Amino acid sequence: LERQKLAREAAQDAGLDGLVFFSKGGAAVDMVGDLFYLTNHYSQQPYVMDYHEIWSAGSHGAFVLPGDGPTTLIVDNAYWRPDLVVADDVRAGVRVIEMTVDAMRESSLFGKNVGLVGTGAMTAAAYKLFVEKAGPTYLEVEDGILDERMAIKSPAEQAIIRKSCDIGSRAVEAMMDAAVEGATEAEAASAAFGVVVSEGAVMWDAACNSGVKSHLFSWARLPSHDGFRPMQKGEYFHVDCYGMFGGYAWDFGRTRVIGDQPTDEQRAYLEATIEGVETICKNIKPGMTAGDIGEVYMNWVEGVKVLQDFLALAEKEEEGFPAVGHGLGIGWSSPWLMKGEKNV
């Protein structure tokens, strides 16, 4: 309820009569976004392409928040949780878009100035139909309207984040322990998944790579872990392991050399990576911008030859990622630690 109050204030500050939030669930938690934050609802319905004769915006949810008056949550199936969800009214049905527009009419938002939040989570079909059905309503895309408010974590949120990070850390440790000569990436991933599932958390992915393509983030396939090739002594194995507990994410990267006998070059690379993380963390101070922190990284990495050589190899095959870090909460979020970012 406090978060909903903050959202109303944000709408008022933006000169809007209200807000409509969209998210998308469906067996993946990377697009639950503001809807989860405001209502504690998550859809388990897997996404199926819209078939307007039957349904619209499957796996989506919507939250209608007028500047004043009752709130309405639109869910795409009847399996929502009354013990968890916070909304004045909850409506379940397969026509999410049409039900959302009906709720806007009843909230006196139809034809008014309304902020639309969550377009990045909507399919093009859902967005197109919503704009069509909303008719004379003036829709202002406000996808980041809560970012600044969401960045400040309450003590309860901090406790969940610590628990989430503890689970993620133990999952990565289990995966590293299982990444041995003769094992497959899938066997290593299985150890991590076991930790996550047993703790009541959900794994997004353990995107990993090894062998001749280990200079790349991953090696595109589904699943992202290889279940066939045994890993060989002396090769790199690395993972980016990310998941969620209680609505809050962890996101950890780790690298090892199979057999734990790295060459001098491999050891230099691993130590440089650790030094980079520690250098950035040591230099973060209140009042800095995300761009300032990005500059710390750029100034440091330019003097590390082994990483320059490695980055040059990787960039031959994939475009370099401009950010060295990012915010983390209900998914990946701003601030992005990169040159030019103004977030303080």
# chains A, B, ... in the order shown; residues from 1 in each chain; ligands from 1
$ residues_around --residues "Cys241 in chain A" --least-positions-apart "6" --cutoff "6 Å" --atoms "only C-alpha atoms" --output "PyMOL selection string"
chain A and resi 205-206+251-252
$ write_last_selection --atoms "all heavy atoms" --output "mmCIF file, in the first residue's frame"
data_model
loop_
_atom_site.group_PDB
_atom_site.id
_atom_site.type_symbol
_atom_site.label_atom_id
_atom_site.label_comp_id
_atom_site.auth_asym_id
_atom_site.auth_seq_id
_atom_site.Cartn_x
_atom_site.Cartn_y
_atom_site.Cartn_z
ATOM 1 N N ASP A 205 18.601 -18.616 -15.012
ATOM 2 C CA ASP A 205 19.524 -19.384 -15.849
ATOM 3 C C ASP A 205 20.882 -19.460 -15.175
ATOM 4 O O ASP A 205 21.209 -18.663 -14.283
ATOM 5 C CB ASP A 205 19.677 -18.728 -17.228
ATOM 6 C CG ASP A 205 20.196 -19.712 -18.286
ATOM 7 O OD1 ASP A 205 20.369 -20.904 -17.949
ATOM 8 O OD2 ASP A 205 20.427 -19.286 -19.429
ATOM 9 N N ALA A 206 21.637 -20.432 -15.594
ATOM 10 C CA ALA A 206 23.050 -20.534 -15.241
ATOM 11 C C ALA A 206 23.790 -20.558 -16.575
ATOM 12 O O ALA A 206 24.220 -21.602 -17.054
ATOM 13 C CB ALA A 206 23.321 -21.782 -14.423
ATOM 14 N N ASP A 251 22.697 -12.199 -8.977
ATOM 15 C CA ASP A 251 23.311 -12.233 -10.310
ATOM 16 C C ASP A 251 24.821 -12.317 -10.119
ATOM 17 O O ASP A 251 25.479 -11.307 -9.878
ATOM 18 C CB ASP A 251 22.925 -10.966 -11.083
ATOM 19 C CG ASP A 251 23.460 -10.954 -12.511
ATOM 20 O OD1 ASP A 251 24.025 -11.975 -12.936
ATOM 21 O OD2 ASP A 251 23.313 -9.925 -13.182
ATOM 22 N N PHE A 252 25.356 -13.524 -10.194
ATOM 23 C CA PHE A 252 26.774 -13.737 -9.893
ATOM 24 C C PHE A 252 27.517 -14.380 -11.061
ATOM 25 O O PHE A 252 27.028 -15.339 -11.656
ATOM 26 C CB PHE A 252 26.948 -14.652 -8.668
ATOM 27 C CG PHE A 252 26.416 -14.068 -7.392
ATOM 28 C CD1 PHE A 252 25.581 -14.803 -6.570
ATOM 29 C CD2 PHE A 252 26.743 -12.776 -7.018
ATOM 30 C CE1 PHE A 252 25.090 -14.271 -5.386
ATOM 31 C CE2 PHE A 252 26.262 -12.230 -5.837
ATOM 32 C CZ PHE A 252 25.435 -12.980 -5.018
#
$ select_by_dssp --residues "range 144-251 of chain A" --states "strand (DSSP E)" --output "PyMOL selection string"
chain A and resi 202-210+236-245+248-251
$ residues_around --residues "His52 in chain A" --least-positions-apart "3" --cutoff "10 Å" --atoms "only C-alpha atoms" --output "list in words"
Met49, Trp55, Ser56, Ala57, Val94, Arg95, Ala125 and Leu129 of chain A
$ write_last_selection --atoms "all heavy atoms" --output "short mmCIF file (atom, residue, chain, number, x, y, z; two decimals), in the first residue's frame"
data_model
loop_
_atom_site.label_atom_id
_atom_site.label_comp_id
_atom_site.auth_asym_id
_atom_site.auth_seq_id
_atom_site.Cartn_x
_atom_site.Cartn_y
_atom_site.Cartn_z
N MET A 49 0.68 -17.07 -28.24
CA MET A 49 0.37 -15.97 -29.15
C MET A 49 -1.12 -15.59 -29.07
O MET A 49 -1.98 -16.46 -28.94
CB MET A 49 0.69 -16.38 -30.59
CG MET A 49 2.17 -16.66 -30.80
SD MET A 49 2.95 -15.32 -31.67
CE MET A 49 4.56 -16.04 -32.01
N TRP A 55 -8.59 -15.05 -26.65
CA TRP A 55 -7.92 -14.34 -25.56
C TRP A 55 -7.04 -13.21 -26.09
O TRP A 55 -6.71 -13.16 -27.28
CB TRP A 55 -7.06 -15.30 -24.73
CG TRP A 55 -5.94 -15.94 -25.50
CD1 TRP A 55 -4.76 -15.37 -25.87
CD2 TRP A 55 -5.91 -17.28 -26.01
NE1 TRP A 55 -3.99 -16.25 -26.57
CE2 TRP A 55 -4.66 -17.44 -26.68
CE3 TRP A 55 -6.78 -18.35 -25.96
CZ2 TRP A 55 -4.30 -18.63 -27.29
CZ3 TRP A 55 -6.41 -19.53 -26.57
CH2 TRP A 55 -5.19 -19.66 -27.22
N SER A 56 -6.67 -12.33 -25.18
CA SER A 56 -5.71 -11.27 -25.48
C SER A 56 -4.73 -11.16 -24.33
O SER A 56 -5.10 -11.28 -23.17
CB SER A 56 -6.41 -9.93 -25.70
OG SER A 56 -7.02 -9.47 -24.50
N ALA A 57 -3.46 -10.96 -24.68
CA ALA A 57 -2.39 -10.71 -23.69
C ALA A 57 -2.28 -11.82 -22.65
O ALA A 57 -2.17 -11.55 -21.45
CB ALA A 57 -2.58 -9.35 -23.03
N VAL A 94 -9.54 -14.18 -19.57
CA VAL A 94 -8.57 -14.40 -20.65
C VAL A 94 -8.44 -13.20 -21.57
O VAL A 94 -7.53 -13.16 -22.40
CB VAL A 94 -8.96 -15.64 -21.48
CG1 VAL A 94 -8.87 -16.90 -20.63
CG2 VAL A 94 -10.35 -15.49 -22.10
N ARG A 95 -9.31 -12.20 -21.43
CA ARG A 95 -9.21 -11.00 -22.27
C ARG A 95 -8.63 -9.86 -21.42
O ARG A 95 -9.35 -8.95 -20.98
CB ARG A 95 -10.58 -10.63 -22.83
CG ARG A 95 -11.12 -11.67 -23.82
CD ARG A 95 -12.40 -11.21 -24.48
NE ARG A 95 -12.88 -12.18 -25.46
CZ ARG A 95 -12.49 -12.22 -26.72
NH1 ARG A 95 -11.58 -11.35 -27.17
NH2 ARG A 95 -12.97 -13.12 -27.55
N ALA A 125 1.64 -7.25 -29.90
CA ALA A 125 0.20 -7.49 -30.07
C ALA A 125 -0.59 -6.90 -28.92
O ALA A 125 -1.64 -6.27 -29.12
CB ALA A 125 -0.06 -8.99 -30.18
N LEU A 129 -3.19 -3.63 -29.35
CA LEU A 129 -4.60 -3.78 -29.02
C LEU A 129 -4.99 -2.81 -27.90
O LEU A 129 -6.08 -2.23 -27.92
CB LEU A 129 -4.91 -5.22 -28.61
CG LEU A 129 -6.38 -5.54 -28.35
CD1 LEU A 129 -7.22 -5.31 -29.61
CD2 LEU A 129 -6.54 -6.98 -27.86
#
$ residues_around --residues "Tyr269 in chain A" --least-positions-apart "2" --cutoff "12 Å" --atoms "only C-alpha atoms" --output "ChimeraX atom specification"
/A:215,236,255-257,262-267,271-276,301,304-311
$ closest_residue --among "A:Lys112, A:Arg105, A:Lys128, A:Lys133" --to "Leu16 in chain A" --atoms "only C-alpha atoms"
A:Lys112
$ atom_distance --atom1 "CA of His238 in chain A" --atom2 "CA of Ile284 in chain A"
26.2 Å
$ closest_residue --among "A:Ser23, A:Glu199, A:Ile258, A:Tyr248" --to "Lys153 in chain A" --atoms "only C-alpha atoms"
A:Tyr248
